[in-house]
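Student: Right, I'll just put the structure down here and ask away after.
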Amino acid sequence: VDKCLKDQSTSLSNINASNKLVELYPNPITDNLTIVQFTNQNVVLFLYSLDGRLVASETVYARTKTFNFSNLKNSIYFVRIAKENGETLH
């Protein structure tokens, strides 16, 4: 096999750390997830369940925003951060 896949997974704490577009913490979360965004524009946080179902989405207008996810079941969730135009940051 002359091709291999590169693992491009990241932890919540270092999403795009080289350009520092966003920062999410803590990982793992208990009730609250905080996003700090370093862009000049609003971003949208999408939260997906393991089966790919969209669980929550919220636009972040401020530099820092804390989300309360205490109503969610204990599980593994995937986060997608996008610009308002839909371009995925991560």
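All residue names refer to the structure tokens as shown: chains lettered A, B, ... in order, residues numbered from 1 in each chain, ligands numbered from 1 in order.
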Which residues are near range 64-66 of chain A? Cut-off 9 Å, only C-alpha atoms, ignore same chain within fewer than 3 positions. Put them as a PyMOL selection string.

Tutor: chain A and resi 32-37+60-61

Student: Name all residues at most 8 Å from Leu47 in chain A (count only C-alpha atoms; drop same-chain ones fewer than 4 positions away) and give them as a PyMOL selection string.

Tutor: chain A and resi 54-57+77-80

Student: Ranking A:Thr59, A:Ser49, A:Phe38, A:Asn27 by minimum distance to Asn85 in chain A and counting only C-alpha atoms, which one comes first?

Tutor: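 Among A:Thr59, A:Ser49, A:Phe38, A:Asn27, it is A:Thr59 that comes nearest to Asn85 in chain A.
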
Student: Give the answer as one residue: which of A:Glu58, A:Lys20, A:Thr88, A:Tyr48 has the shortest atom-to-atom distance to Ile76 in chain A, using only C-alpha atoms?

Tutor: A:Tyr48
